[in-house]
>>> print(open('start00.csv').read())   # CSV, C-alpha atoms
chain,number,residue,atom,x,y,z
A,87,MET,CA,167.8,93.5,39.5
A,88,ALA,CA,170.5,94.2,36.9
A,89,TYR,CA,168.3,94.0,33.8
A,90,SER,CA,168.1,97.1,31.6
A,91,ASN,CA,167.3,98.2,28.1
A,92,ILE,CA,164.4,95.8,27.7
A,93,LYS,CA,161.8,96.8,25.2
A,94,LEU,CA,158.3,95.4,25.1
A,95,TYR,CA,156.4,95.9,21.8
A,96,GLY,CA,152.6,95.5,22.1
A,97,THR,CA,149.2,97.1,22.3
A,98,ASP,CA,147.0,98.2,25.1
A,99,TRP,CA,144.3,95.7,24.2
A,100,CYS,CA,146.6,92.6,24.0
A,101,SER,CA,146.0,90.3,27.0
A,102,ASP,CA,149.4,88.6,26.6
A,103,CYS,CA,151.1,92.0,26.6
A,104,LYS,CA,149.3,92.9,29.8
A,105,ARG,CA,150.4,89.6,31.4
A,106,SER,CA,154.1,90.1,30.3
A,107,LYS,CA,154.0,93.7,31.6
A,108,LYS,CA,152.6,92.5,34.9
A,109,PHE,CA,155.2,89.8,35.1
A,110,LEU,CA,158.1,92.2,34.5
A,111,GLY,CA,156.6,94.7,37.0
A,112,GLU,CA,156.3,92.0,39.7
A,113,GLN,CA,160.0,91.0,39.1
A,114,ARG,CA,160.8,94.8,39.5
A,115,ILE,CA,162.4,94.7,36.0
A,116,ARG,CA,162.4,98.0,34.2
A,117,TYR,CA,161.4,98.0,30.5
A,118,ASP,CA,160.3,100.4,27.8
A,119,TYR,CA,156.8,99.8,26.4
A,120,ILE,CA,156.2,100.6,22.7
A,121,ASN,CA,152.6,100.7,21.6
A,122,ILE,CA,152.8,99.6,18.0
A,123,GLU,CA,149.4,101.1,17.2
A,124,GLU,CA,150.7,104.5,18.0
A,125,ASN,CA,154.4,104.0,17.1
A,126,LEU,CA,154.7,103.1,13.4
A,127,GLU,CA,158.5,102.8,13.7
A,128,GLY,CA,157.9,100.2,16.4
A,129,GLN,CA,155.4,98.4,14.3
A,130,GLU,CA,157.8,98.2,11.4
A,131,PHE,CA,160.5,96.9,13.7
A,132,VAL,CA,158.2,94.0,14.8
A,133,LYS,CA,157.4,93.2,11.2
A,134,LYS,CA,161.1,93.2,10.3
A,135,VAL,CA,162.1,90.7,13.1
A,136,GLN,CA,159.2,88.5,12.3
A,137,ASN,CA,159.5,88.6,8.5
A,138,GLY,CA,156.3,90.4,8.1
A,139,GLY,CA,154.5,89.0,11.2
A,140,LEU,CA,152.9,91.1,13.9
A,141,SER,CA,152.7,88.7,16.9
A,142,ILE,CA,152.8,90.5,20.3
A,143,PRO,CA,154.2,90.9,22.8
A,144,THR,CA,157.6,91.0,21.2
A,145,ILE,CA,160.2,91.5,23.9
A,146,VAL,CA,163.8,92.6,22.9
A,147,PHE,CA,166.7,92.2,25.4
A,148,GLU,CA,169.9,94.2,25.7
A,149,ASP,CA,171.9,91.6,23.9
A,150,GLY,CA,169.7,91.8,20.9
A,151,SER,CA,167.9,88.5,21.5
A,152,LEU,CA,164.1,88.5,21.6
A,153,LEU,CA,161.1,86.5,22.7
A,154,ILE,CA,157.8,86.5,20.8
A,155,GLU,CA,154.6,85.8,22.8
A,156,PRO,CA,156.5,84.2,25.6
A,157,THR,CA,154.9,82.4,28.5
A,158,ASN,CA,155.8,83.5,32.1
A,159,ALA,CA,158.0,80.4,32.4
A,160,GLN,CA,159.9,81.3,29.2
A,161,LEU,CA,160.4,84.8,30.5
A,162,ALA,CA,161.6,83.5,33.9
A,163,THR,CA,164.1,81.2,32.1
A,164,LYS,CA,165.4,84.1,29.9
A,165,LEU,CA,165.8,86.3,33.0
A,166,GLY,CA,167.8,83.7,34.8
A,167,LEU,CA,165.1,83.1,37.5
A,168,SER,CA,165.2,79.8,39.3
A,169,THR,CA,162.2,77.7,38.3
A,170,ALA,CA,163.0,74.4,40.0
A,171,ALA,CA,164.3,73.6,43.4
A,172,LYS,CA,167.6,71.8,44.0
A,173,TYR,CA,166.3,69.1,46.3
A,174,ASP,CA,163.1,67.1,46.8
A,175,PHE,CA,163.0,67.5,50.6
A,176,TYR,CA,163.4,70.4,53.0
A,177,ASP,CA,163.0,71.0,56.7
A,178,LEU,CA,160.7,73.9,55.9
A,179,ILE,CA,158.9,75.0,52.7
A,180,ILE,CA,157.5,78.5,52.7
A,181,VAL,CA,154.8,79.4,50.1
A,182,GLY,CA,155.0,83.1,49.5
A,183,GLY,CA,158.1,85.3,49.2
A,184,GLY,CA,156.9,88.5,50.7
A,185,PRO,CA,158.2,90.1,54.0
A,186,THR,CA,156.4,87.5,56.1
A,187,GLY,CA,157.8,84.5,54.3
A,188,LEU,CA,161.3,85.9,53.9
A,189,THR,CA,161.5,86.9,57.6
A,190,THR,CA,160.5,83.3,58.6
A,191,ALA,CA,163.0,82.0,56.1
A,192,ILE,CA,165.9,84.1,57.6
A,193,TYR,CA,165.0,83.0,61.2
A,194,ALA,CA,164.7,79.3,60.2
A,195,ALA,CA,167.9,79.2,58.1
A,196,ARG,CA,169.8,80.9,60.9
A,197,ASP,CA,168.7,78.0,63.1
A,198,GLY,CA,170.3,75.6,60.7
A,199,TYR,CA,167.2,74.3,58.9
A,200,ASP,CA,167.1,73.8,55.1
A,201,VAL,CA,164.5,76.3,53.8
A,202,LEU,CA,162.8,76.6,50.4
A,203,VAL,CA,160.7,79.7,49.5
A,204,ILE,CA,158.3,79.5,46.5
A,205,GLU,CA,156.8,82.7,45.2
A,206,ARG,CA,154.3,82.9,42.4
A,207,SER,CA,155.3,86.3,41.2
A,208,GLY,CA,158.2,88.5,42.3
A,209,LEU,CA,160.2,88.0,45.5
A,210,GLY,CA,159.5,90.8,48.0
A,211,GLY,CA,155.7,90.7,47.6
A,212,GLN,CA,153.6,93.9,47.4
A,213,ALA,CA,156.2,95.7,49.4
A,214,GLY,CA,158.6,95.3,46.5
A,215,ILE,CA,156.4,97.2,44.1
A,216,THR,CA,155.5,100.0,46.5
A,217,GLU,CA,157.0,103.3,45.6
A,218,ARG,CA,158.2,104.3,49.0
A,219,LEU,CA,158.0,103.0,52.6
A,220,ASP,CA,157.9,105.7,55.2
A,221,ASN,CA,156.7,103.9,58.3
A,222,TYR,CA,159.0,100.9,58.6
A,223,PRO,CA,161.3,101.3,61.6
A,224,GLY,CA,165.0,101.8,60.9
A,225,PHE,CA,164.6,104.0,57.8
A,226,PRO,CA,164.2,107.6,59.0
A,227,GLU,CA,164.3,108.9,55.5
A,228,GLY,CA,162.1,106.2,54.1
A,229,VAL,CA,163.1,103.5,51.6
A,230,THR,CA,161.9,102.5,48.2
A,231,GLY,CA,159.9,99.2,48.1
A,232,ALA,CA,162.4,97.8,45.6
A,233,GLU,CA,165.4,98.6,47.8
A,234,PHE,CA,163.7,97.2,50.9
A,235,ALA,CA,162.8,93.9,49.0
A,236,GLU,CA,166.3,93.5,47.6
A,237,ARG,CA,167.8,93.9,51.1
A,238,VAL,CA,165.6,91.2,52.6
A,239,ILE,CA,166.2,88.9,49.6
A,240,GLU,CA,170.0,89.3,49.9
A,241,GLN,CA,169.8,88.7,53.7
A,242,ALA,CA,167.9,85.4,53.0
A,243,LYS,CA,170.4,84.4,50.4
A,244,ARG,CA,173.2,85.1,52.9
A,245,PHE,CA,171.8,82.4,55.2
A,246,GLY,CA,171.4,79.9,52.5
A,247,VAL,CA,167.7,80.1,51.8
A,248,GLU,CA,166.7,78.7,48.4
A,249,LEU,CA,164.4,81.0,46.5
A,250,LEU,CA,162.1,80.3,43.6
A,251,SER,CA,160.0,83.0,41.9
A,252,ALA,CA,157.4,82.9,39.2
A,253,GLN,CA,156.3,79.4,40.4
A,254,ASN,CA,152.7,79.0,41.4
A,255,VAL,CA,151.8,76.5,44.2
A,256,VAL,CA,148.6,74.7,43.4
A,257,ARG,CA,148.4,72.2,46.3
A,258,VAL,CA,149.6,71.6,49.9
A,259,CYS,CA,148.8,68.3,51.6
A,260,ASN,CA,149.9,65.8,54.2
A,261,ASP,CA,151.2,62.3,53.8
A,262,MET,CA,151.6,60.9,57.3
A,263,ASP,CA,154.2,63.1,59.0
A,264,ILE,CA,155.5,64.6,55.8
A,265,HIS,CA,154.0,67.5,53.9
A,266,MET,CA,153.9,67.9,50.2
A,267,VAL,CA,153.9,71.1,48.1
A,268,GLU,CA,153.0,70.9,44.4
A,269,THR,CA,153.6,73.6,41.8
A,270,GLU,CA,151.7,74.4,38.6
A,271,ALA,CA,154.7,73.1,36.7
A,272,GLY,CA,154.2,69.7,38.2
A,273,ASN,CA,157.1,69.8,40.6
A,274,LYS,CA,156.5,68.2,44.0
A,275,TYR,CA,158.6,69.0,47.1
A,276,CYS,CA,158.3,67.5,50.6
A,277,SER,CA,159.1,68.9,54.0
A,278,ASN,CA,158.7,68.5,57.8
A,279,ALA,CA,156.7,71.8,58.0
A,280,VAL,CA,155.0,74.3,55.6
A,281,LEU,CA,154.3,78.0,56.1
A,282,ILE,CA,151.6,79.6,53.9
A,283,ALA,CA,152.4,83.3,53.5
A,284,THR,CA,150.8,84.0,50.2
A,285,GLY,CA,149.5,87.4,51.2
A,286,SER,CA,146.5,89.0,49.6
A,287,THR,CA,145.4,90.6,46.3
A,288,TYR,CA,143.7,93.9,45.5
A,289,LYS,CA,139.9,93.6,45.2
A,290,ARG,CA,138.0,94.6,42.1
A,291,LEU,CA,134.8,96.7,41.8
A,292,GLY,CA,132.9,94.1,39.8
A,293,VAL,CA,131.2,96.7,37.7
A,294,PRO,CA,130.5,96.6,33.9
A,295,GLY,CA,133.6,97.4,31.8
A,296,GLU,CA,136.1,96.8,34.6
A,297,GLU,CA,137.4,93.5,33.2
A,298,ASP,CA,137.3,94.8,29.6
A,299,PHE,CA,139.7,97.7,30.3
A,300,ILE,CA,142.2,96.2,32.9
A,301,GLY,CA,145.6,97.4,31.7
A,302,ALA,CA,143.9,99.7,29.2
A,303,GLY,CA,142.7,102.5,31.5
A,304,VAL,CA,141.8,100.5,34.6
A,305,HIS,CA,144.7,99.6,36.9
A,306,PHE,CA,145.5,98.2,40.3
A,307,CYS,CA,149.2,99.2,40.6
A,308,ALA,CA,150.2,102.9,40.5
A,309,THR,CA,153.9,102.0,40.7
A,310,CYS,CA,153.6,99.7,37.6
A,311,ASP,CA,151.4,101.9,35.4
A,312,GLY,CA,151.4,105.4,36.9
A,313,PRO,CA,154.3,106.6,34.7
A,314,PHE,CA,152.2,105.9,31.6
A,315,TYR,CA,150.0,108.8,32.6
A,316,LYS,CA,152.6,111.6,32.8
A,317,GLY,CA,150.9,114.9,32.2
A,318,ARG,CA,147.4,113.5,32.2
A,319,GLU,CA,144.6,113.5,34.8
A,320,VAL,CA,143.8,110.3,36.6
A,321,ALA,CA,141.4,109.0,39.2
A,322,VAL,CA,141.8,106.8,42.3
A,323,ILE,CA,138.9,104.8,43.7
A,324,GLY,CA,139.0,104.1,47.4
A,325,GLY,CA,139.1,105.9,50.8
A,326,GLY,CA,141.6,103.9,52.8
A,327,ASN,CA,145.3,104.4,53.4
A,328,SER,CA,146.4,102.5,50.3
A,329,ALA,CA,144.2,104.7,48.1
A,330,VAL,CA,145.5,107.9,49.5
A,331,GLU,CA,149.1,106.8,49.4
A,332,GLU,CA,148.8,105.7,45.8
A,333,ALA,CA,147.1,109.0,44.9
A,334,VAL,CA,150.0,110.9,46.4
A,335,PHE,CA,152.4,108.8,44.3
A,336,LEU,CA,150.4,109.5,41.2
A,337,THR,CA,150.8,113.3,41.7
A,338,ARG,CA,154.4,112.7,40.6
A,339,PHE,CA,153.1,112.2,37.0
A,340,SER,CA,149.6,113.6,36.9
A,341,PRO,CA,148.7,117.3,37.2
A,342,LYS,CA,145.4,116.3,38.9
A,343,VAL,CA,144.3,113.2,40.8
A,344,THR,CA,140.7,112.8,41.7
A,345,ILE,CA,139.9,110.5,44.6
A,346,LEU,CA,136.5,108.9,44.4
A,347,VAL,CA,135.3,107.8,47.9
A,348,ARG,CA,132.0,105.9,48.2
A,349,GLY,CA,131.5,106.9,51.8
A,350,ALA,CA,131.0,110.3,53.4
A,351,GLN,CA,134.6,110.4,54.7
A,352,PHE,CA,138.0,108.7,54.4
A,353,THR,CA,138.7,105.4,56.3
A,354,ALA,CA,142.4,106.3,56.0
A,355,SER,CA,144.4,107.7,58.9
A,356,LYS,CA,144.0,111.4,59.7
A,357,LEU,CA,147.5,112.1,58.5
A,358,ALA,CA,146.8,110.5,55.1
A,359,ALA,CA,143.4,112.1,54.8
A,360,ASP,CA,144.8,115.6,55.7
A,361,LYS,CA,147.5,115.1,53.0
A,362,ALA,CA,144.9,114.4,50.4
A,363,LEU,CA,142.5,117.2,51.4
A,364,SER,CA,145.3,119.8,51.5
A,365,SER,CA,147.1,118.9,48.2
A,366,PRO,CA,146.5,121.3,45.4
A,367,GLN,CA,146.9,118.4,42.9
A,368,MET,CA,144.1,116.3,44.4
A,369,GLU,CA,140.3,116.6,44.3
A,370,VAL,CA,138.3,114.4,46.7
A,371,ARG,CA,134.7,113.5,45.9
A,372,PHE,CA,132.9,111.8,48.7
A,373,ASN,CA,129.6,109.9,48.4
A,374,THR,CA,130.7,108.9,44.9
A,375,GLU,CA,130.2,105.3,43.6
A,376,VAL,CA,131.6,104.0,40.4
A,377,VAL,CA,128.9,102.1,38.5
A,378,GLU,CA,130.5,101.5,35.1
A,379,PHE,CA,133.6,101.9,32.9
A,380,LYS,CA,133.1,102.8,29.2
A,381,GLY,CA,135.4,102.9,26.3
A,382,ALA,CA,136.1,102.6,22.6
A,383,ASN,CA,138.8,100.9,20.5
A,384,HIS,CA,139.8,98.6,23.4
A,385,ARG,CA,140.5,101.5,25.8
A,386,MET,CA,138.6,103.1,28.8
A,387,ASN,CA,137.6,106.6,28.1
A,388,ALA,CA,134.8,107.3,30.7
A,389,VAL,CA,133.9,106.5,34.3
A,390,VAL,CA,130.2,106.5,35.2
A,391,VAL,CA,129.7,107.6,38.8
A,392,LYS,CA,126.6,107.9,41.0
A,393,ASN,CA,126.1,110.3,43.9
A,394,THR,CA,125.0,108.0,46.7
A,395,GLN,CA,122.9,110.8,48.3
A,396,THR,CA,121.0,112.0,45.2
A,397,ASN,CA,121.3,108.9,42.9
A,398,GLU,CA,122.4,111.3,40.1
A,399,THR,CA,124.9,109.9,37.6
A,400,GLU,CA,127.5,111.6,35.5
A,401,GLU,CA,130.5,110.7,33.4
A,402,LEU,CA,134.1,111.5,34.3
A,403,HIS,CA,136.9,111.4,31.7
A,404,PRO,CA,140.2,110.7,33.4
A,405,ALA,CA,143.0,109.2,31.3
A,406,GLY,CA,143.3,106.3,33.7
A,407,VAL,CA,141.8,104.9,36.9
A,408,PHE,CA,143.5,103.2,39.8
A,409,VAL,CA,141.4,100.9,42.0
A,410,PHE,CA,142.3,100.5,45.7
A,411,ILE,CA,139.3,99.2,47.6
A,412,GLY,CA,140.7,96.4,49.8
A,413,LEU,CA,142.3,93.0,49.7
A,414,SER,CA,141.3,89.4,49.1
A,415,PRO,CA,143.4,86.6,50.6
A,416,ASN,CA,145.5,84.4,48.2
A,417,SER,CA,144.2,81.2,49.9
A,418,GLN,CA,142.3,79.4,47.1
A,419,PRO,CA,144.8,76.5,46.6
A,420,PHE,CA,144.7,75.7,50.4
A,421,LYS,CA,140.9,75.8,51.2
A,422,ASP,CA,140.6,72.0,50.9
A,423,THR,CA,143.5,71.5,53.3
A,424,VAL,CA,143.1,74.1,56.1
A,425,LYS,CA,140.2,76.0,57.6
A,426,VAL,CA,139.4,79.5,56.4
A,427,ASN,CA,136.9,82.1,57.5
A,428,GLU,CA,134.0,83.5,55.5
A,429,GLN,CA,136.3,86.0,53.7
A,430,GLY,CA,138.7,83.2,52.8
A,431,PHE,CA,141.5,84.2,55.3
A,432,ILE,CA,143.2,81.2,56.8
A,433,MET,CA,142.4,80.5,60.5
A,434,THR,CA,145.2,79.7,62.9
A,435,GLY,CA,145.9,79.2,66.6
A,436,ILE,CA,148.1,81.6,68.6
A,437,ASP,CA,151.0,79.5,67.4
A,438,PHE,CA,150.2,80.3,63.8
A,439,GLN,CA,149.4,76.6,63.2
A,440,THR,CA,146.4,75.9,60.9
A,441,SER,CA,143.8,73.1,61.3
A,442,MET,CA,146.4,70.8,59.8
A,443,GLU,CA,149.3,69.9,62.0
A,444,GLY,CA,152.6,71.1,60.7
A,445,ILE,CA,151.1,73.6,58.3
A,446,PHE,CA,151.3,77.2,59.4
A,447,ALA,CA,150.0,80.5,58.1
A,448,ALA,CA,151.1,84.0,58.7
A,449,GLY,CA,150.9,87.5,57.2
A,450,ASP,CA,148.1,89.0,55.1
A,451,VAL,CA,146.6,85.6,54.2
A,452,ARG,CA,145.9,84.9,57.9
A,453,ALA,CA,142.7,85.8,59.6
A,454,ALA,CA,143.1,88.7,62.1
A,455,SER,CA,146.4,89.9,60.7
A,456,THR,CA,146.7,93.7,60.6
A,457,LYS,CA,147.7,93.9,56.9
A,458,GLN,CA,150.7,96.2,57.6
A,459,LEU,CA,154.3,95.6,56.5
A,460,VAL,CA,155.9,95.9,59.9
A,461,SER,CA,153.4,93.4,61.4
A,462,ALA,CA,153.8,91.1,58.4
A,463,ALA,CA,157.5,90.9,59.2
A,464,GLY,CA,156.7,90.5,62.9
A,465,GLU,CA,154.4,87.6,62.2
A,466,GLY,CA,157.1,86.0,60.1
A,467,ALA,CA,159.4,86.1,63.1
A,468,ALA,CA,156.7,84.8,65.5
A,469,ALA,CA,155.8,82.0,63.1
A,470,ALA,CA,159.4,81.0,62.8
A,471,ILE,CA,159.7,80.5,66.5
A,472,ALA,CA,156.5,78.4,66.5
A,473,ILE,CA,157.8,76.4,63.5
A,474,ARG,CA,161.1,75.9,65.3
A,475,GLU,CA,159.3,74.3,68.3
A,476,HIS,CA,157.4,72.1,65.9
A,477,LEU,CA,160.5,71.0,64.1
A,478,HIS,CA,162.3,70.3,67.4
A,479,GLY,CA,159.4,68.0,68.4
A,480,HIS,CA,159.5,66.4,64.9
A,481,ASP,CA,163.3,65.8,65.3
A,482,ALA,CA,162.8,64.3,68.8
A,483,HIS,CA,160.0,62.0,67.5
A,484,THR,CA,162.2,60.8,64.6
A,485,MET,CA,165.1,60.1,66.9
A,486,GLU,CA,162.8,58.1,69.2
A,487,ARG,CA,161.6,56.0,66.4
A,488,GLU,CA,165.1,55.4,65.2
A,489,LEU,CA,166.2,54.3,68.7
A,490,VAL,CA,163.2,52.0,69.0
A,491,GLY,CA,164.0,50.5,65.6
A,492,SER,CA,167.6,50.0,66.5
A,493,SER,CA,166.7,48.3,69.8
A,494,ALA,CA,164.3,46.0,68.0
A,495,SER,CA,166.9,44.9,65.5
A,496,THR,CA,169.4,44.0,68.3
>>> encode(input="start00.csv", output="structure tokens")
Amino acid sequence: MAYSNIKLYGTDWCSDCKRSKKFLGEQRIRYDYINIEENLEGQEFVKKVQNGGLSIPTIVFEDGSLLIEPTNAQLATKLGLSTAAKYDFYDLIIVGGGPTGLTTAIYAARDGYDVLVIERSGLGGQAGITERLDNYPGFPEGVTGAEFAERVIEQAKRFGVELLSAQNVVRVCNDMDIHMVETEAGNKYCSNAVLIATGSTYKRLGVPGEEDFIGAGVHFCATCDGPFYKGREVAVIGGGNSAVEEAVFLTRFSPKVTILVRGAQFTASKLAADKALSSPQMEVRFNTEVVEFKGANHRMNAVVVKNTQTNETEELHPAGVFVFIGLSPNSQPFKDTVKVNEQGFIMTGIDFQTSMEGIFAAGDVRAASTKQLVSAAGEGAAAAIAIREHLHGHDAHTMERELVGSSAST
């Protein structure tokens, strides 16, 4: 996106600052962060523009305008993001603007259907905030996640897909043959079919101190927060592909990355594991469980770990920790509408249709999906074909009713 020279004045302990930083990161908008506890010049600037006040975050834009303690909705408006749809009714509404949802949108729009995509954060999904994609077909040299996301977004726009970002869907339900989607802002949209493609979210450890230091030493997005640790040692928690890939990315900034693996070996692919074990910038510690985060002055400064074989504990002191231990489905708003499994993933038939007729699910939020980018896009295409058949049947049913009504009136 073409936003630049944005400055966010805040502190590491400020929850609203963390939220604004997260929002800008999800929208793939670059900004400079000024910690006013460490930067006295920045502190004086905030006081000046607030006539002595120190409310944070204070966000300054390239044109000199500023927002003080903005909500996500206010930020979205300022950045020119669409926050309300043009119409009340669509052929297809897609909840989720990642690779799955956008692929379905492209296919459906090419078929001539009116399509609305609603994304709660930034269009492009997790792929959009991934540093680099090296295993997606068609990009022999790899491609940045941001570039990949922008290409898919532009392709969807080319076919007339309407896109909303920073809009959280809180309910999907049926009303006879019509489906209704409601957003947190109170907007309600109707459609002949709905696709739930809300993806999944990184799991948390659930240990003492984790919640206290999120954004202040404990992180879940290396792309968003890795640059803040330039020249300092960090740790990565997890043994899967995501953990190793993020650790590799962090070596761009950190002289040493320690990977803490609870098990006796990696669950990552051999290629990824070999990369971690052979890198001079990485140290791998197996049989190591994180049991607590400690800190002072609103910042994490120690990680308590336990050796799962000896039960001995010790403290490590990385500047920051990045947690990559798996994913949880973003299915909470839909659990009263469609069936989910024990882990919360949405259950579907082979046609991607859920337990509610006309409501489909695909991608990482769906049970039995492979949680890979290329398969997410593939599921989007397959779901589009299934939805096309459903809409064809819906159109035929509507035409039949109209013909019966016409005959009765004559």
>>> closest_residue(input="start00.csv", among="A:Pro404, A:Glu233, A:Ser168, A:Glu443", to="A:Gly317", atoms="all atoms listed in the file")
A:Pro404
>>> atom_distance(input="start00.csv", atom1="atom CA of A:Glu297", atom2="atom CA of A:Cys100")
13.0 Å
>>> closest_atom_pairs(input="start00.csv", of="stretch 254-306 of chain A", to="stretch 451-471 of chain A", cutoff="8 Å", atoms="all atoms listed in the file", output="tab-separated table")
residue	atom	partner	partner_atom	distance
A:Ile282	CA	A:Val451	CA	7.8
A:Ala283	CA	A:Val451	CA	6.3
A:Thr284	CA	A:Val451	CA	6.0
A:Gly285	CA	A:Val451	CA	4.5
A:Ser286	CA	A:Val451	CA	5.7
>>> residues_around(input="start00.csv", residues="A:Asp98", least_positions_apart="3", cutoff="9 Å", atoms="all atoms listed in the file", output="MDAnalysis selection string")
chainID A and resid 101 103:104 121 123 299 301:303 384:385
>>> residues_around(input="start00.csv", residues="stretch 338-344 of chain A", least_positions_apart="5", cutoff="6 Å", atoms="all atoms listed in the file", output="VMD selection string")
chain A and resid 316 to 321 367 to 370
>>> write_last_selection(input="start00.csv", atoms="C-alpha atoms", output="PDB file, in the coordinates of the input")
ATOM      1  CA  LYS A 316     152.600 111.600  32.800  1.00  0.00           C
ATOM      2  CA  GLY A 317     150.900 114.900  32.200  1.00  0.00           C
ATOM      3  CA  ARG A 318     147.400 113.500  32.200  1.00  0.00           C
ATOM      4  CA  GLU A 319     144.600 113.500  34.800  1.00  0.00           C
ATOM      5  CA  VAL A 320     143.800 110.300  36.600  1.00  0.00           C
ATOM      6  CA  ALA A 321     141.400 109.000  39.200  1.00  0.00           C
ATOM      7  CA  GLN A 367     146.900 118.400  42.900  1.00  0.00           C
ATOM      8  CA  MET A 368     144.100 116.300  44.400  1.00  0.00           C
ATOM      9  CA  GLU A 369     140.300 116.600  44.300  1.00  0.00           C
ATOM     10  CA  VAL A 370     138.300 114.400  46.700  1.00  0.00           C
TER      11      VAL A 370
END
>>> atom_distance(input="start00.csv", atom1="atom CA of A:Tyr199", atom2="atom CA of A:His476")
12.2 Å
>>> atom_distance(input="start00.csv", atom1="atom CA of A:Gly406", atom2="atom CA of A:Ala232")
24.1 Å
>>> residues_around(input="start00.csv", residues="stretch 131-143 of chain A", least_positions_apart="4", cutoff="6 Å", atoms="all atoms listed in the file", output="ChimeraX atom specification")
/A:95-96,103,155
>>> residues_near_point(input="start00.csv", point="(165.0, 88.0, 23.5)", cutoff="10 Å", atoms="all atoms listed in the file", output="list of chain:residue names")
A:Ile92, A:Lys93, A:Thr144, A:Ile145, A:Val146, A:Phe147, A:Glu148, A:Asp149, A:Gly150, A:Ser151, A:Leu152, A:Leu153, A:Ile154, A:Pro156, A:Leu161, A:Lys164, A:Leu165
>>> closest_residue(input="start00.csv", among="A:Asn416, A:Thr337, A:Thr163, A:Ser207", to="A:Gly183", atoms="all atoms listed in the file")
A:Ser207
